[in-house]
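Peer 1: One structure follows; several queries about it will come next.
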Amino acid sequence: MSYLEATNDLYKEAALTPDVGLCCTTNPIWQFPGLSIPKIMQEMNYGCGSTVSAQDLVNNPKVLYVGVGGGMELLQFSYFSRQKGGVTGVDVVDEMLEASKQNFKLAEEENDWFKSEFVNLVKGDALNLPVEDESIDVAAQNCLFNIFKTEDLKKAISEMYRVLKPHGRLVMSDPTCEQPMNETLRNDDSLRALCLSGSIPIKDYVKALTDAGFGTIEIRSRKSYRVLSPNHYPTDELVFIESIEIAAIKDPMPKDGPCIFTGKTAIYYGDEEYFDDNAGHVLMQNQPLAICDKTARQLAQASDQIHISESTWHYNGGGCC
Ligand SMILES: C[S@@+](CC[C@H](N)C(=O)[O-])C[C@H]1O[C@@H](n2cnc3c(N)ncnc32)[C@H](O)[C@@H]1O
């Protein structure tokens with residue numbers, strides 16, 4: 001059995017018998033005014049962080065969600081889009097599609113603004129999306145891509161890139177891990193399917209996105225997620241897993257490389273009213289400016305009167321590029 005088949009089996013079981021402890025979230029469940037999330041959807045929350053941010057959801061975006069789980073994030077996306085077929089949900093597991101369909105009926109009973117027809121559920125594979133080119137404004141996945149091995153991850157990202165409109169956004173939440181993992185962990189299909197042994201370092205995750213062509217990357221959150229310890233897992237050392245929320249924007253690739261925002265800020269503290277690097281960045285005296293890592297490197301070279309913060313890994317918009 002391949003690891004992809006093992007993954008399908010695990011999520012078929014998780015659809016038929018919801019398992020509250022299957023995954024653990026790093027976020028509280030977002031409760032918006034007038035939104036009631038059915039209990040079963042909360043129990044079937046098989047993601048880590050959140051992919052739903054109001055800032056991405058202006059102007060009635062067409063949303064694609066890959067790997068639907070119990071449907072909670074699709075309901076949250078529908079809260080913003082509120083239109084027939086506004087959110088398309090794709091999943092490869094029939095039982096998961098059926099479970100989420102039933103959950104949307106409950107959501108309809110609990111929310112007078114919601115109609116099941118807001119969500120279009122489609123059987124399909126993240127590696128070969130049944131979605132037209134350049135038809136989507138916001139594409140999302142939560143805790144699916146970390147399961148994929150290198151070549152499959154590349155394919156899944158290129159599929160998301162293909163279906164997004166220019167400037168469309170791929171919003172994701174996934175476990176990451178900065179340490180090497182031993183082969184026993186890596187090759188354990190069950191741990192991989194459980195989002196415990198497939199995760200890769202943030203820089204490799206980001207590179208997979210920029211290699212696909214995404215010109216802007218935003219790391220919006222980074223939190224501790226799990227510890228794989230020798231008393232519970234086949235490892236001699238503690239392995240620390242984190243969870244990130246990340247957006248990849250289908251902006252054209254800048255000539256000098258991608259803009260990767262990791263939560264750095266620049267502050268000019270010289271005597272002039274402002275500092276202009278003549279490359280498009282103007283820093284008013286003692287005013288913070290969010291900057292991407294590339295601009296951080298350039299500004300550090302340009303003046304010794306600019307404070308550049310460390311990456312906070314919490315970027316939420318605005319700034320240099
Ligand atoms: C870890 S769960 C995450 C569910 C949901 N995103 C959440 O946050 O609760 C992974 C989901 O991806 C689905 N899935 C697994 N392999 C897939 C594939 N190749 N293509 C599309 N969906 C897949 C599973 O059925 C399951 O719904």
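Each chain in the structure tokens gets a letter, A, B and so on, in the order shown; residues start at 1 in every chain, and ligands are counted from 1 in the order they appear.
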Which residues of chain A sit at most 8 Å from ligand 1, using only C-alpha atoms and all ligand atoms? Give each one's shortest atom pair and distance in Å (one decimal place), in chain and ascending residue order, as a Markdown table.

Peer 2:
| residue | atom | partner | partner_atom_place_in_ligand_line | distance |
| --- | --- | --- | --- | --- |
| A:Leu4 | CA | ligand 1 | 16 (N) | 6.7 |
| A:Thr7 | CA | ligand 1 | 15 (C) | 6.0 |
| A:Asn8 | CA | ligand 1 | 15 (C) | 5.5 |
| A:Tyr11 | CA | ligand 1 | 25 (O) | 4.8 |
| A:Lys12 | CA | ligand 1 | 25 (O) | 6.6 |
| A:Ala15 | CA | ligand 1 | 25 (O) | 7.8 |
| A:Cys23 | CA | ligand 1 | 1 (C) | 7.3 |
| A:Met44 | CA | ligand 1 | 9 (O) | 6.2 |
| A:Asn45 | CA | ligand 1 | 9 (O) | 3.9 |
| A:Tyr46 | CA | ligand 1 | 9 (O) | 3.4 |
| A:Gly47 | CA | ligand 1 | 8 (O) | 3.2 |
| A:Cys48 | CA | ligand 1 | 8 (O) | 6.7 |
| A:Gly49 | CA | ligand 1 | 8 (O) | 8.0 |
| A:Ser50 | CA | ligand 1 | 8 (O) | 7.7 |
| A:Tyr65 | CA | ligand 1 | 6 (N) | 7.8 |
| A:Val66 | CA | ligand 1 | 21 (C) | 5.6 |
| A:Gly67 | CA | ligand 1 | 12 (O) | 3.3 |
| A:Val68 | CA | ligand 1 | 27 (O) | 4.6 |
| A:Gly69 | CA | ligand 1 | 27 (O) | 3.5 |
| A:Gly70 | CA | ligand 1 | 9 (O) | 6.0 |
| A:Gly71 | CA | ligand 1 | 9 (O) | 6.9 |
| A:Met72 | CA | ligand 1 | 9 (O) | 6.8 |
| A:Glu73 | CA | ligand 1 | 8 (O) | 6.9 |
| A:Val90 | CA | ligand 1 | 21 (C) | 6.1 |
| A:Asp91 | CA | ligand 1 | 22 (N) | 3.8 |
| A:Val92 | CA | ligand 1 | 21 (C) | 4.5 |
| A:Val93 | CA | ligand 1 | 25 (O) | 4.8 |
| A:Asp94 | CA | ligand 1 | 25 (O) | 8.0 |
| A:Glu95 | CA | ligand 1 | 25 (O) | 8.0 |
| A:Met96 | CA | ligand 1 | 25 (O) | 5.5 |
| A:Leu97 | CA | ligand 1 | 27 (O) | 7.8 |
| A:Gly124 | CA | ligand 1 | 21 (C) | 6.1 |
| A:Asp125 | CA | ligand 1 | 20 (N) | 3.7 |
| A:Ala126 | CA | ligand 1 | 20 (N) | 3.8 |
| A:Leu127 | CA | ligand 1 | 19 (N) | 6.1 |
| A:Gln141 | CA | ligand 1 | 6 (N) | 5.7 |
| A:Asn142 | CA | ligand 1 | 6 (N) | 4.2 |
| A:Cys143 | CA | ligand 1 | 1 (C) | 4.7 |
| A:Leu144 | CA | ligand 1 | 10 (C) | 4.8 |
| A:Ala193 | CA | ligand 1 | 1 (C) | 7.4 |
| A:Leu194 | CA | ligand 1 | 1 (C) | 6.8 |
| A:Cys195 | CA | ligand 1 | 1 (C) | 6.8 |

Peer 1: Considering only C-alpha atoms, return as a compact mmCIF listing (two decimals) with N, CA, C and O atoms, in the first residue's frame whatever protein or nucleic-acid residues lie within 7 Å of Val87 (chain A), sequence-local ones (same chain, fewer than 2 positions apart) excluded.

Peer 2:
# COMPACT_ATOMS: atom_id res chain seq x y z
N LYS A 62 -13.83 33.91 -5.09
CA LYS A 62 -14.10 32.50 -5.37
C LYS A 62 -13.06 31.70 -4.59
O LYS A 62 -11.85 31.88 -4.80
N VAL A 63 -13.53 30.84 -3.70
CA VAL A 63 -12.61 30.13 -2.80
C VAL A 63 -12.56 28.65 -3.18
O VAL A 63 -13.59 28.04 -3.47
N LEU A 64 -11.36 28.10 -3.16
CA LEU A 64 -11.18 26.65 -3.32
C LEU A 64 -10.56 26.13 -2.04
O LEU A 64 -9.57 26.70 -1.53
N LEU A 74 -14.57 25.57 5.54
CA LEU A 74 -15.40 25.93 4.38
C LEU A 74 -16.60 26.75 4.84
O LEU A 74 -17.03 27.69 4.16
N SER A 78 -17.42 30.47 3.80
CA SER A 78 -18.75 30.83 3.28
C SER A 78 -19.33 32.03 4.02
O SER A 78 -20.10 32.81 3.45
N GLY A 85 -22.21 28.40 -4.59
CA GLY A 85 -20.95 27.91 -5.18
C GLY A 85 -19.75 28.80 -4.91
O GLY A 85 -18.73 28.67 -5.58
N GLY A 89 -15.18 22.76 -2.43
CA GLY A 89 -14.40 21.88 -1.57
C GLY A 89 -14.03 20.62 -2.33
O GLY A 89 -14.90 19.97 -2.92
N PHE A 118 -24.02 27.09 -0.84
CA PHE A 118 -22.84 27.99 -0.87
C PHE A 118 -21.56 27.19 -1.13
O PHE A 118 -20.56 27.72 -1.58
N VAL A 119 -21.62 25.89 -0.75
CA VAL A 119 -20.43 25.04 -0.88
C VAL A 119 -20.66 24.00 -1.97
O VAL A 119 -21.65 23.28 -1.95
N ASN A 120 -19.74 23.95 -2.89
CA ASN A 120 -19.80 22.98 -3.98
C ASN A 120 -18.76 21.90 -3.68
O ASN A 120 -17.56 22.15 -3.74

Peer 1: Residues at most 8 Å from Gly215 (chain A), counting only C-alpha atoms, excluding those fewer than 3 positions away in the same chain, as a ChimeraX atom specification?

Peer 2: /A:210,248-254,257-259

Peer 1: Taking the backbone alone, and naming residues the way the document does, which bits of region 81-286 of chain A are helix (DSSP H, G or I) by DSSP, as a PyMOL selection string?

Peer 2: chain A and resi 81+94-110+116-118+145-147+150-163+183-186+189-193+202-211

Peer 1: Check the smallest atom-to-atom distance from each of A:Glu218, A:Thr235, A:Glu310, A:Phe32 to Glu183 (chain A) using only C-alpha atoms, then report the winner.

Peer 2: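 Looking only at the distances to Glu183 (chain A), the closest residue turns out to be A:Thr235.
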
Peer 1: For region 191-264 of chain A versus region 291-297 of chain A, which residues have an atom no more than 7 Å away, and what is each residue's nearest atom pair and distance in Å rounded to one decimal, using only C-alpha atoms, chain-then-number order, as a Markdown table?

Peer 2:
| residue | atom | partner | partner_atom | distance |
| --- | --- | --- | --- | --- |
| A:Cys259 | CA | A:Cys292 | CA | 5.6 |
| A:Ile260 | CA | A:Cys292 | CA | 5.2 |
| A:Phe261 | CA | A:Cys292 | CA | 4.3 |
| A:Thr262 | CA | A:Cys292 | CA | 6.7 |
| A:Lys264 | CA | A:Ile291 | CA | 5.6 |

Peer 1: Where does DSSP see strand (DSSP E) in region 51-295 of chain A, if you list the residues as a PyMOL selection string?

Peer 2: chain A and resi 63-66+87-91+119-123+136-142+164-176+216-228+239-249+259-261+264-268+274-276+282-284+289-291

Peer 1: Hey, can you check how far CA of Ile29 (chain A) sits from CA of Trp313 (chain A)?

Peer 2: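 Spanning CA of Ile29 (chain A) to CA of Trp313 (chain A) is a straight-line distance of 20.7 Å.
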
Peer 1: Using only C-alpha atoms, which residues sit within 12 Å of Gln298 (chain A) once same-chain residues fewer than 3 positions away are excluded, as a PyMOL selection string?

Peer 2: chain A and resi 256+266+277-281+291-295+301-304+306+308+320

Peer 1: Mind giving me the straight-line distance from CA of Phe77 (chain A) to CA of Leu22 (chain A) in Å, one decimal?

Peer 2: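 CA of Phe77 (chain A) sits 23.0 Å away from CA of Leu22 (chain A).
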
Peer 1: Between A:Gln305, A:Thr312, A:Thr150, A:Asn111, single out the one closest to Ala290 (chain A), counting only C-alpha atoms.

Peer 2: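 Using only C-alpha atoms, the shortest distance to Ala290 (chain A) belongs to A:Thr312.
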
Peer 1: For region 161-169 of chain A, please output as a list in words all residues within 7 Å (counting only C-alpha atoms; exclusion window: fewer than 3 positions along the same chain).

Peer 2: Val131, Glu132, Asp133, Glu134, Ser135, Ile136, Asp137, Val138, Ala139, Ile157, Ser158, Ala247, Ala248, Ile249, Lys250 and Asp251 of chain A

Peer 1: May I have the residues from that selection written out with all heavy atoms, as a short mmCIF file (atom, residue, chain, number, x, y, z; two decimals), in the first residue's frame?

Peer 2:
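Writing done, so here's again18.cif:
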data_model
loop_
_atom_site.label_atom_id
_atom_site.label_comp_id
_atom_site.auth_asym_id
_atom_site.auth_seq_id
_atom_site.Cartn_x
_atom_site.Cartn_y
_atom_site.Cartn_z
N VAL A 131 -10.31 21.48 -11.40
CA VAL A 131 -10.64 22.91 -11.34
C VAL A 131 -9.96 23.61 -12.52
O VAL A 131 -8.81 23.29 -12.86
CB VAL A 131 -10.13 23.53 -10.00
CG1 VAL A 131 -10.45 25.00 -9.91
CG2 VAL A 131 -10.73 22.78 -8.80
N GLU A 132 -10.69 24.56 -13.12
CA GLU A 132 -10.15 25.26 -14.30
C GLU A 132 -8.97 26.15 -13.97
O GLU A 132 -8.89 26.69 -12.86
CB GLU A 132 -11.24 26.16 -14.90
CG GLU A 132 -12.17 25.43 -15.82
CD GLU A 132 -13.19 26.37 -16.41
OE1 GLU A 132 -12.87 27.56 -16.66
OE2 GLU A 132 -14.32 25.91 -16.59
N ASP A 133 -8.13 26.37 -14.95
CA ASP A 133 -6.99 27.29 -14.80
C ASP A 133 -7.49 28.68 -14.42
O ASP A 133 -8.53 29.13 -14.93
CB ASP A 133 -6.25 27.46 -16.14
CG ASP A 133 -5.56 26.19 -16.61
OD1 ASP A 133 -5.67 25.17 -15.91
OD2 ASP A 133 -4.94 26.25 -17.69
N GLU A 134 -6.76 29.37 -13.59
CA GLU A 134 -6.97 30.80 -13.28
C GLU A 134 -8.43 31.14 -12.98
O GLU A 134 -8.94 32.14 -13.47
CB GLU A 134 -6.43 31.68 -14.42
CG GLU A 134 -4.95 31.43 -14.67
CD GLU A 134 -4.26 32.53 -15.45
OE1 GLU A 134 -4.95 33.45 -15.93
OE2 GLU A 134 -3.03 32.46 -15.56
N SER A 135 -9.08 30.30 -12.18
CA SER A 135 -10.50 30.54 -11.88
C SER A 135 -10.75 30.87 -10.40
O SER A 135 -11.88 31.11 -10.01
CB SER A 135 -11.32 29.29 -12.26
OG SER A 135 -10.86 28.16 -11.55
N ILE A 136 -9.70 30.86 -9.58
CA ILE A 136 -9.86 30.94 -8.12
C ILE A 136 -9.14 32.17 -7.57
O ILE A 136 -8.02 32.49 -7.97
CB ILE A 136 -9.25 29.66 -7.48
CG1 ILE A 136 -9.97 28.40 -7.98
CG2 ILE A 136 -9.23 29.74 -5.96
CD1 ILE A 136 -11.42 28.27 -7.57
N ASP A 137 -9.80 32.86 -6.60
CA ASP A 137 -9.15 34.00 -5.95
C ASP A 137 -8.35 33.58 -4.72
O ASP A 137 -7.27 34.09 -4.47
CB ASP A 137 -10.21 35.03 -5.51
CG ASP A 137 -10.96 35.61 -6.68
OD1 ASP A 137 -10.34 36.38 -7.44
OD2 ASP A 137 -12.16 35.29 -6.85
N VAL A 138 -8.96 32.70 -3.93
CA VAL A 138 -8.29 32.25 -2.70
C VAL A 138 -8.36 30.72 -2.65
O VAL A 138 -9.44 30.14 -2.67
CB VAL A 138 -8.99 32.83 -1.44
CG1 VAL A 138 -8.36 32.27 -0.17
CG2 VAL A 138 -8.91 34.36 -1.44
N ALA A 139 -7.19 30.09 -2.63
CA ALA A 139 -7.13 28.63 -2.51
C ALA A 139 -6.56 28.31 -1.13
O ALA A 139 -5.64 29.00 -0.67
CB ALA A 139 -6.22 28.05 -3.60
N ILE A 157 1.45 21.91 -5.09
CA ILE A 157 1.62 23.37 -5.12
C ILE A 157 1.43 23.89 -6.56
O ILE A 157 0.77 24.92 -6.77
CB ILE A 157 3.01 23.77 -4.56
CG1 ILE A 157 3.05 23.49 -3.05
CG2 ILE A 157 3.31 25.24 -4.83
CD1 ILE A 157 4.41 23.68 -2.41
N SER A 158 1.95 23.15 -7.54
CA SER A 158 1.81 23.64 -8.92
C SER A 158 0.34 23.60 -9.36
O SER A 158 -0.10 24.44 -10.14
CB SER A 158 2.71 22.86 -9.88
OG SER A 158 2.18 21.58 -10.09
N ALA A 247 0.86 32.42 3.60
CA ALA A 247 0.15 32.75 2.37
C ALA A 247 1.17 32.90 1.26
O ALA A 247 2.24 33.48 1.46
CB ALA A 247 -0.64 34.05 2.54
N ALA A 248 0.85 32.34 0.09
CA ALA A 248 1.70 32.49 -1.09
C ALA A 248 0.86 33.22 -2.13
O ALA A 248 -0.24 32.77 -2.47
CB ALA A 248 2.14 31.13 -1.60
N ILE A 249 1.35 34.36 -2.59
CA ILE A 249 0.55 35.20 -3.48
C ILE A 249 1.11 35.11 -4.90
O ILE A 249 2.32 35.18 -5.10
CB ILE A 249 0.51 36.64 -2.94
CG1 ILE A 249 -0.04 36.58 -1.50
CG2 ILE A 249 -0.36 37.55 -3.81
CD1 ILE A 249 0.07 37.81 -0.71
N LYS A 250 0.17 34.92 -5.85
CA LYS A 250 0.58 34.71 -7.24
C LYS A 250 0.91 36.05 -7.89
O LYS A 250 0.32 36.43 -8.90
CB LYS A 250 -0.52 33.97 -7.99
CG LYS A 250 -0.11 33.39 -9.33
CD LYS A 250 -1.23 32.58 -9.96
CE LYS A 250 -0.93 32.15 -11.37
NZ LYS A 250 -1.99 31.33 -11.95
N ASP A 251 1.82 36.79 -7.25
CA ASP A 251 2.36 38.01 -7.84
C ASP A 251 3.48 37.59 -8.78
O ASP A 251 4.11 36.55 -8.56
CB ASP A 251 2.96 38.91 -6.75
CG ASP A 251 1.92 39.50 -5.83
OD1 ASP A 251 0.76 39.63 -6.27
OD2 ASP A 251 2.25 39.83 -4.68
#

Peer 1: For the atom pair CA of Leu185 (chain A) and CA of Val239 (chain A), what is the interatomic distance in Å to one decimal place?

Peer 2: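 According to the coordinates, CA of Leu185 (chain A) and CA of Val239 (chain A) are separated by 10.4 Å.
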